[in-house]
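**Q** A single structure is presented below for examination.
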There are 4 protein chains.
Amino acid sequence: MEADFKTIALVGKYNSPACGASLLRLAAFLRERGHEVVLAAHTADLCEIDDLRGYRVSTLKEIGGLVDLALVMGGDGTLLNIARALVDHRIPLIGINQGRLGFLADVPLDTMFSTLDEMLSGQYMAEDRIMLEASVERHDDILIANYAFNDVVVSKSTMGRLIEFEVYVDNQFVYSQRADGLVVASPTGSTAYALSAGGPILHPTLEAVVMAPICPHTLSARPIALNSRSEIEINLIHAEDARVHFDGQQHADLRIGDRVVIRRANNTIRLLHPEGHNYYDTLRQKLHWGEKL
Amino acid sequence: MEADFKTIALVGKYNSPACGASLLRLAAFLRERGHEVVLAAHTADLCEIDDLRGYRVSTLKEIGGLVDLALVMGGDGTLLNIARALVDHRIPLIGINQGRLGFLADVPLDTMFSTLDEMLSGQYMAEDRIMLEASVERHDDILIANYAFNDVVVSKSTMGRLIEFEVYVDNQFVYSQRADGLVVASPTGSTAYALSAGGPILHPTLEAVVMAPICPHTLSARPIALNSRSEIEINLIHAEDARVHFDGQQHADLRIGDRVVIRRANNTIRLLHPEGHNYYDTLRQKLHWGEKL
Amino acid sequence: MEADFKTIALVGKYNSPACGASLLRLAAFLRERGHEVVLAAHTADLCEIDDLRGYRVSTLKEIGGLVDLALVMGGDGTLLNIARALVDHRIPLIGINQGRLGFLADVPLDTMFSTLDEMLSGQYMAEDRIMLEASVERHDDILIANYAFNDVVVSKSTMGRLIEFEVYVDNQFVYSQRADGLVVASPTGSTAYALSAGGPILHPTLEAVVMAPICPHTLSARPIALNSRSEIEINLIHAEDARVHFDGQQHADLRIGDRVVIRRANNTIRLLHPEGHNYYDTLRQKLHWGEKL
Amino acid sequence: MEADFKTIALVGKYNSPACGASLLRLAAFLRERGHEVVLAAHTADLCEIDDLRGYRVSTLKEIGGLVDLALVMGGDGTLLNIARALVDHRIPLIGINQGRLGFLADVPLDTMFSTLDEMLSGQYMAEDRIMLEASVERHDDILIANYAFNDVVVSKSTMGRLIEFEVYVDNQFVYSQRADGLVVASPTGSTAYALSAGGPILHPTLEAVVMAPICPHTLSARPIALNSRSEIEINLIHAEDARVHFDGQQHADLRIGDRVVIRRANNTIRLLHPEGHNYYDTLRQKLHWGEKL
């Protein structure tokens with residue numbers, strides 16, 4: 001596979017000055033390899049201004065139209081954030097983890113130069129992951145619309161009481177629930193919050209989303225994996241206060257009667273992994289599953 | 001068993017004018033049987049003032065010193081509330097449920113006169129349930145202390161992110177958790193929120209409390225039933241915001257470094273049930289368990 | 001939709017003489033509508049011989065080449081059995097339930113004539129469900145190969161001790177387990193044994209299978225939904241005795257070192273449902289999920 | 001605490017010649033300390049006959065009347081077995097684990113001489129654990145009666161189909177179940193098979209048993225912790241074949257109509273732990289729970 005990543009964006013973790021030095025070393029490495037480097041504006045802020053001479057600095061919004069690849073440094077949380085911002089531009093992403101292995105960020109900081117050298121020469125595995133999009137509808141208005149790479153969560157908010165809602169899939173009534181909330185997760189998000197709520201793992205190649213109730217009042221409520229082509233509607237019937245969360249990073253308050261409508265987004269996220277990447281190895285390592293006997 | 005309930009308190013559900021009429025009928029019934037009736041102040045407010053002539057009206061605080069029995073109308077939630085208020089006075093409680101069968105309120109409104117007639121004549125089953133007490137300690141101060149009949153819950157609050165805490169039992173380190181929260185429940189509370197969080201049912205006669213994590217990040221976290229003589233300490237290590245809840249009815253905000261200390265209260269709550277009361281019947285009915293084959 | 005079911009097979013529950021009368025009434029009804037009727041041999045045995053004049057009787061093996069549709073009377077278990085027998089012939093199936101609603105058999109015996117009259121006139125919903133196939137390999141031999149519509153289960157047998165096995169998906173090592181067993185279920189089987197083992201529900205349209213451990217020794221073992229195009233291999237590493245089960249209806253003994261290989265079968269099973277059939281209604285009714293609020 | 005263990009039994013793992021050498025070293029060590037040593041007969045078989053001169057050899061049955069303490073080498077499984085054999089004699093037990101830390105066998109082989117030297121001098125923590133006893137009743141006969149230190153399990157046997165049973169506690173009907181089986185576990189057994197079946201952990205000081213269904217058909221079936229003074233009766237209503245297991249080490253076949261009756265045994269098992277033993281440390285280590293943050 002031959003790759004041609006002429007222009008590459010560098011994106012760091014928000015408010016993490018500690019990664020400034022690594023980012024600049026990475027920028028220098030890329031320039032030396034002949035790539036044009038664009039620094040995300042919030043990322044440039046992590047570096048000393050004198051060190052930035054020569055690198056273009058752009059907002060995340062602009063970056064989508066400028067680059068062929070984005071290198072994201074900082075862990076799965078940062079990558080989720082960037083994925084939502086860039087999904088409309090179909091920019092492939094490489095995630096560099098600063099500490100322990102991430103589900104998404106799987107290039108270790110320690111060995112990033114040698115690993116990236118190979119990947120930028122075309123030795124990588126590309127994987128397309130589905131993205132969710134959700135809107136909140138009140139009466140006939142769309143109050144808010146957003147992407148979610150991991151999950152859309154409707155849950156109780158401050159008051160700590162359960163909420164009551166009805167769920168429809170493709171306009172068919174599925175169930176009503178009294179619960180702390182409901183997680184709707186992509187395969188990518190199935191190993192995040194949905195897993196803590198008791199949901200199954202969905203292999204990344206599945207065209208599916210999982211719907212898992214959080215602390216449901218009805219004991220026979222069980223997680224269900226739905227077709228990703230389905231439209232899921234959550235109607236908030238009763239709550240003292242409730243919220244919808246996108247990847248646990250953005251949220252909006254909900255009122256009784258609001259409908260949260262969740263679909264698969266048109267575009268996918270392309271993740272680039274080092275060659276030899278193995279999804280099950282990551283699972284096994286992160287979840288402490290049994291090794292060969 | 002011979003009973004002597006000379007003075008009886010009547011307590012209704014907060015802000016439920018609908019139960020005013022039933023309360024007055026009940027008061028008249030009791031007076032006719034020769035009992036002295038005391039109306040809880042908030043309960044009297046549910047009734048027309050002209051209808052109250054002759055009944056003593058007292059605050060919950062005073063009632064504890066005045067009565068031999070409290071009749072609580074309104075469901076399990078109301079009974080929890082009254083149990084916390086009266087536990088220091090060891091007043092037995094009878095719960096009248098207005099709608100569907102409660103775990104605690106098991107005298108149906110429909111048949112309350114005949115059932116109460118029997119119970120007040122001594123035909124009842126008495127059951128003592130343990131109560132929890134919890135305090136929040138900051139540095140060397142006790143910020144707040146409260147009872148809980150069902151459960152003490154430490155959980156994330158508004159921001160919807162997980163919290164990190166350490167748990168000690170009798171000063172021995174048990175585990176650290178990253179989770180939405182932790183439920184510590186009495187046997188009474190084991191069929192409430194703890195059950196939704198995946199906890200076991202604890203038979204009411206057990207001198208035990210259950211500790212169940214809510215959506216734990218560690219998949220091998222499991223509910224554990226501890227001796228009720230144990231002291232449980234939850235240290236909040238990291239959180240954007242967190243709260244402690246008492247029976248889901250009262251709460252306090254927590255800061256990083258706060259310690260929530262939970263013990264069995266000295267006093268128990270005495271519940272009076274109609275004769276023939278069967279705990280397993282209630283479980284089976286509420287949880288839709290299988291009938292005889 | 002116009003249908004043309006010239007020849008129809010009737011298949012009853014094994015060893016259920018009670019359904020003989022219903023089957024004969026159904027046969028008469030079909031003949032009257034102008035269909036040719038073929039009785040499965042084991043089904044004919046359920047009826048008095050004098051009542052069979054005129055109906056062709058064939059083995060299940062032959063029926064596949066003779067009919068355009070099979071009516072299966074007796075519940076989900078009977079339908080599973082027939083589905084495995086007929087999958088190579090792509091005969092559509094209608095399931096008639098004698099008692100309570102089945103997940104698969106959803107035409108009630110009570111109203112079968114009016115419902116079938118509509119369905120045979122073309123008013124039905126067709127749904128294609130994936131089928132699994134599994135083989136047991138010992139050294140270089142294939143000991144046994146079989147279909148499974150619900151699930152393939154590898155489990156301990158008589159001795160009641162756990163077994164140890166390794167799982168590979170598409171030749172990639174996934175995990176080793178010490179457990180009572182492992183369920184690999186189709187979407188159809190996800191509401192059967194896999195659900196009891198803690199697995200998620202998979203919507204029937206998903207091209208997925210779920211792999212759920214039974215009483216795993218490792219607490220972080222979680223059900224995983226895999227792509228149905230994947231090949232799953234279970235290597236038995238240690239066991240006193242172990243078995244592989246197909247739909248819980250057929251089985252074979254396993255030895256240490258045996259490999260059970262599971263794939264999606266080439267053919268699907270076409271189920272015909274009455275118009276208005278709603279998968280979520282069935283789920284809600286069978287699992288006692290909450291109705292509209 | 002001063003101890004006086006004049007005569008000490010040595011018990012090894014069945015059919016484990018590998019532990020013969022360690023046992024003899026241990027015997028020599030004990031004799032040197034002035035204790036009289038009795039070797040369990042099956043244990044003596046693990047050693048070369050010439051090495052046994054001078055040590056008394058007795059059956060497990062006799063040992064109960066001869067010794068003041070039993071040292072059990074081989075892991076939790078061996079200790080379970082010896083506990084059942086010796087419970088009537090109230091002999092304290094020390095468990096020596098040959099490999100990884102056990103829940104019960106917590107003296108490491110590596111350091112056994114120094115650890116035992118301290119323990120035999122009185123520096124130990126004694127802990128009394130409850131034992132279960134179960135009988136199988138057919139018509140008016142008691143077919144079999146046995147102890148169980150971990151658990152009594154009623155389960156399907158060879159055929160791999162679910163069984164149907166009713167459960168009574170203190171003669172009160174609790175529920176009927178269709179399931180793979182039912183585990184009734186002591187606090188000691190709560191970290192064994194019951195945990196794999198989804199049961200909670202019970203602290204060893206609890207006077208409780210946990211009842212956890214195995215793969216129940218009813219999704220709202222939940223583990224319940226009962227008072228250890230309760231009598232639990234399991235009536236087998238329907239099954240192709242079923243068994244009752246005691247600690248997973250002994251079993252008996254069951255017929256439809258059989259009743260398995262489970263009670264707390266009169267005697268307890270006294271375990272001696274090294275000083276500093278901490279139950280939560282063991283839990284955390286075995287279950288990979290989170291360390292201090």
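Identifiers for the structure tokens are assigned positionally: chains receive A, B, ... in sequence, residues are indexed from 1 per chain, and ligands are indexed from 1 in the order shown.
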Compute the set of chain B residues within 8 Å of chain A, using only C-alpha atoms, and express it as a VMD selection string.

**A** chain B and resid 157 to 161 193 196 to 198 214 to 219 245 248 287

**Q** Can you write out as CSV which residues of stretch 55-124 of chain D fall within 8 Å of stretch 257-267 of chain D, alongside each residue's closest atom pair and its distance in Å to one decimal, counting only C-alpha atoms and ordering rows by chain and ascending residue number?

**A**
```
residue,atom,partner,partner_atom,distance
D:Val87,CA,D:Asn267,CA,6.4
D:Asp88,CA,D:Asn267,CA,6.6
D:Arg90,CA,D:Asn267,CA,7.1
```

**Q** So how far away is atom CA of A:Leu39 from atom CA of A:Ser58, in Å?

**A**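 We find that atom CA of A:Ser58 and atom CA of A:Leu39 lie 6.3 Å from each other.
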
**Q** Give the helix (DSSP H, G or I) residues of stretch 17-213 of chain D, as DSSP finds them on the backbone, and put them as a PyMOL selection string.

**A** chain D and resi 17-32+41-44+49-52+60-63+76-89+109-120+188-191+193-196

**Q** So that I can check the surroundings of C:Lys13, please list as a PyMOL selection string every protein, DNA and RNA residue that reaches within 12 Å of it, counting only C-alpha atoms and ignoring chain neighbours fewer than 4 positions away.

**A** chain C and resi 17-20+22-23+40-47+71-82+95-98

**Q** I need the residues from that last selection saved to file as a CSV table (one decimal), in the first residue's frame (with N, CA, C and O atoms), if you can.

**A**
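And here is the file that came out, selection_37.csv:
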```csv
chain,number,residue,atom,x,y,z
C,17,PRO,N,-48.8,-36.9,20.0
C,17,PRO,CA,-50.0,-37.3,19.4
C,17,PRO,C,-51.1,-36.3,19.5
C,17,PRO,O,-52.0,-36.2,18.6
C,18,ALA,N,-51.0,-35.4,20.5
C,18,ALA,CA,-52.0,-34.4,20.7
C,18,ALA,C,-52.2,-33.5,19.5
C,18,ALA,O,-53.3,-33.0,19.3
C,19,CYS,N,-51.2,-33.4,18.7
C,19,CYS,CA,-51.3,-32.4,17.6
C,19,CYS,C,-51.8,-33.1,16.4
C,19,CYS,O,-52.0,-32.4,15.3
C,20,GLY,N,-52.1,-34.4,16.4
C,20,GLY,CA,-52.6,-35.1,15.2
C,20,GLY,C,-53.8,-34.5,14.7
C,20,GLY,O,-53.9,-34.3,13.5
C,22,SER,N,-55.2,-31.5,15.0
C,22,SER,CA,-55.0,-30.2,14.4
C,22,SER,C,-54.3,-30.3,13.1
C,22,SER,O,-54.6,-29.5,12.2
C,23,LEU,N,-53.3,-31.2,13.0
C,23,LEU,CA,-52.6,-31.3,11.7
C,23,LEU,C,-53.6,-31.8,10.6
C,23,LEU,O,-53.5,-31.3,9.5
C,40,ALA,N,-44.9,-34.8,6.8
C,40,ALA,CA,-43.6,-35.4,7.2
C,40,ALA,C,-43.9,-36.7,7.9
C,40,ALA,O,-44.9,-36.9,8.6
C,41,ALA,N,-43.0,-37.7,7.6
C,41,ALA,CA,-43.2,-39.1,8.0
C,41,ALA,C,-43.5,-39.2,9.5
C,41,ALA,O,-44.4,-39.8,10.0
C,42,HIS,N,-42.7,-38.5,10.3
C,42,HIS,CA,-42.8,-38.6,11.8
C,42,HIS,C,-44.1,-38.0,12.2
C,42,HIS,O,-44.7,-38.3,13.2
C,43,THR,N,-44.6,-37.0,11.4
C,43,THR,CA,-45.8,-36.3,11.7
C,43,THR,C,-47.0,-37.2,11.4
C,43,THR,O,-48.0,-37.3,12.1
C,44,ALA,N,-46.9,-37.9,10.2
C,44,ALA,CA,-48.0,-38.8,9.9
C,44,ALA,C,-48.2,-39.9,11.0
C,44,ALA,O,-49.4,-40.3,11.2
C,45,ASP,N,-47.1,-40.2,11.6
C,45,ASP,CA,-47.2,-41.2,12.7
C,45,ASP,C,-48.1,-40.7,13.9
C,45,ASP,O,-48.5,-41.5,14.7
C,46,LEU,N,-48.3,-39.4,13.9
C,46,LEU,CA,-49.0,-38.9,15.0
C,46,LEU,C,-50.5,-39.0,14.8
C,46,LEU,O,-51.3,-38.8,15.7
C,47,CYS,N,-50.9,-39.4,13.6
C,47,CYS,CA,-52.3,-39.4,13.2
C,47,CYS,C,-52.8,-40.9,13.0
C,47,CYS,O,-52.0,-41.8,12.8
C,71,LEU,N,-45.2,-25.8,6.9
C,71,LEU,CA,-45.9,-25.3,8.1
C,71,LEU,C,-45.5,-26.2,9.2
C,71,LEU,O,-45.6,-27.4,9.2
C,72,VAL,N,-45.0,-25.6,10.3
C,72,VAL,CA,-44.4,-26.3,11.4
C,72,VAL,C,-45.3,-26.0,12.6
C,72,VAL,O,-45.4,-24.9,13.0
C,73,MET,N,-45.8,-27.1,13.2
C,73,MET,CA,-46.7,-26.9,14.3
C,73,MET,C,-46.0,-27.5,15.6
C,73,MET,O,-45.5,-28.6,15.6
C,74,GLY,N,-45.9,-26.6,16.6
C,74,GLY,CA,-45.4,-27.1,17.9
C,74,GLY,C,-44.5,-26.3,18.7
C,74,GLY,O,-44.0,-26.7,19.8
C,75,GLY,N,-44.1,-25.1,18.3
C,75,GLY,CA,-43.2,-24.3,19.1
C,75,GLY,C,-41.9,-24.1,18.5
C,75,GLY,O,-41.5,-24.7,17.5
C,76,ASP,N,-41.1,-23.3,19.2
C,76,ASP,CA,-39.8,-22.9,18.7
C,76,ASP,C,-38.8,-24.1,18.5
C,76,ASP,O,-38.1,-24.2,17.6
C,77,GLY,N,-38.9,-25.0,19.5
C,77,GLY,CA,-38.0,-26.2,19.5
C,77,GLY,C,-38.2,-27.0,18.2
C,77,GLY,O,-37.3,-27.4,17.5
C,78,THR,N,-39.5,-27.2,17.8
C,78,THR,CA,-39.8,-28.0,16.6
C,78,THR,C,-39.3,-27.2,15.4
C,78,THR,O,-38.7,-27.8,14.5
C,79,LEU,N,-39.5,-25.9,15.4
C,79,LEU,CA,-39.0,-25.2,14.2
C,79,LEU,C,-37.5,-25.2,14.1
C,79,LEU,O,-37.0,-25.2,12.9
C,80,LEU,N,-36.8,-25.1,15.2
C,80,LEU,CA,-35.3,-25.2,15.1
C,80,LEU,C,-34.9,-26.5,14.4
C,80,LEU,O,-34.0,-26.5,13.5
C,81,ASN,N,-35.5,-27.5,14.8
C,81,ASN,CA,-35.2,-28.9,14.2
C,81,ASN,C,-35.5,-28.9,12.7
C,81,ASN,O,-34.6,-29.4,12.0
C,82,ILE,N,-36.6,-28.4,12.3
C,82,ILE,CA,-37.0,-28.4,10.9
C,82,ILE,C,-36.1,-27.5,10.1
C,82,ILE,O,-35.7,-27.8,8.9
C,95,GLY,N,-44.3,-20.9,11.4
C,95,GLY,CA,-44.4,-21.6,12.7
C,95,GLY,C,-45.7,-21.4,13.3
C,95,GLY,O,-46.1,-20.2,13.5
C,96,ILE,N,-46.4,-22.5,13.7
C,96,ILE,CA,-47.6,-22.4,14.4
C,96,ILE,C,-47.4,-22.8,15.9
C,96,ILE,O,-46.9,-23.9,16.1
C,97,ASN,N,-47.7,-21.9,16.8
C,97,ASN,CA,-47.4,-22.2,18.2
C,97,ASN,C,-48.7,-22.7,18.8
C,97,ASN,O,-49.8,-22.2,18.7
C,98,GLN,N,-48.5,-23.8,19.6
C,98,GLN,CA,-49.7,-24.5,20.2
C,98,GLN,C,-50.1,-23.8,21.5
C,98,GLN,O,-51.2,-23.9,21.9
```

**Q** Excluding stretch 276-283 of chain A and any residue of its chain fewer than 3 positions from it, enumerate the residues within 9 Å of it, using only C-alpha atoms, and give them as a compact mmCIF listing (two decimals) with N, CA, C and O atoms, in the first residue's frame.

**A**
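File written: around_6.txt
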```txt
# COMPACT_ATOMS: atom_id res chain seq x y z
N LEU A 101 -1.66 1.85 26.65
CA LEU A 101 -2.34 1.51 25.42
C LEU A 101 -3.79 1.97 25.44
O LEU A 101 -4.52 1.73 26.39
N GLY A 102 -4.23 2.62 24.36
CA GLY A 102 -5.64 2.95 24.24
C GLY A 102 -6.33 2.01 23.28
O GLY A 102 -5.68 1.25 22.56
N PHE A 103 -7.67 1.99 23.30
CA PHE A 103 -8.38 1.22 22.28
C PHE A 103 -8.19 1.87 20.92
O PHE A 103 -8.14 1.21 19.90
N ASP A 106 -3.08 3.81 19.48
CA ASP A 106 -2.28 2.60 19.67
C ASP A 106 -0.84 2.73 19.19
O ASP A 106 -0.13 1.72 19.08
N TYR A 124 0.62 0.36 6.93
CA TYR A 124 -0.37 0.54 8.00
C TYR A 124 -1.60 -0.30 7.67
O TYR A 124 -1.75 -0.80 6.54
N MET A 125 -2.46 -0.44 8.66
CA MET A 125 -3.75 -1.08 8.43
C MET A 125 -4.83 -0.01 8.59
O MET A 125 -4.88 0.65 9.64
N THR A 191 -16.69 -0.66 24.02
CA THR A 191 -15.69 -1.00 25.04
C THR A 191 -15.49 0.14 26.04
O THR A 191 -14.57 0.07 26.86
N HIS A 203 -17.74 -6.11 17.71
CA HIS A 203 -16.55 -6.05 16.86
C HIS A 203 -16.64 -4.82 15.95
O HIS A 203 -17.70 -4.50 15.43
N PRO A 204 -15.50 -4.12 15.73
CA PRO A 204 -15.53 -2.88 14.96
C PRO A 204 -16.10 -3.00 13.55
O PRO A 204 -16.57 -2.01 12.99
N HIS A 273 -3.72 2.03 11.78
CA HIS A 273 -3.02 1.29 12.82
C HIS A 273 -1.66 0.84 12.30
O HIS A 273 -1.51 0.60 11.10
N LYS A 286 -6.34 -4.95 27.67
CA LYS A 286 -7.09 -3.96 28.44
C LYS A 286 -8.03 -4.62 29.44
O LYS A 286 -8.32 -4.07 30.50
N LEU A 287 -8.58 -5.78 29.09
CA LEU A 287 -9.59 -6.41 29.94
C LEU A 287 -9.03 -7.57 30.76
O LEU A 287 -9.77 -8.26 31.44
N HIS A 288 -7.72 -7.78 30.68
CA HIS A 288 -7.08 -8.84 31.48
C HIS A 288 -7.68 -10.21 31.18
O HIS A 288 -7.97 -10.98 32.10
N TRP A 289 -7.91 -10.47 29.90
CA TRP A 289 -8.43 -11.79 29.54
C TRP A 289 -7.30 -12.81 29.53
O TRP A 289 -6.13 -12.45 29.48
N VAL C 169 -10.48 -16.33 16.47
CA VAL C 169 -11.42 -15.82 15.48
C VAL C 169 -10.60 -15.42 14.26
O VAL C 169 -9.65 -14.63 14.37
N GLN C 172 -6.99 -15.55 14.67
CA GLN C 172 -6.35 -14.69 15.66
C GLN C 172 -6.77 -15.15 17.04
O GLN C 172 -7.96 -15.35 17.31
N PHE C 173 -5.80 -15.27 17.93
CA PHE C 173 -6.09 -15.70 19.29
C PHE C 173 -6.92 -14.65 20.01
O PHE C 173 -6.57 -13.46 20.01
N VAL C 174 -8.04 -15.07 20.61
CA VAL C 174 -8.90 -14.12 21.32
C VAL C 174 -8.69 -14.22 22.83
O VAL C 174 -8.32 -13.26 23.48
N TYR C 175 -8.95 -15.40 23.38
CA TYR C 175 -8.71 -15.58 24.81
C TYR C 175 -8.74 -17.06 25.17
O TYR C 175 -9.21 -17.89 24.40
```
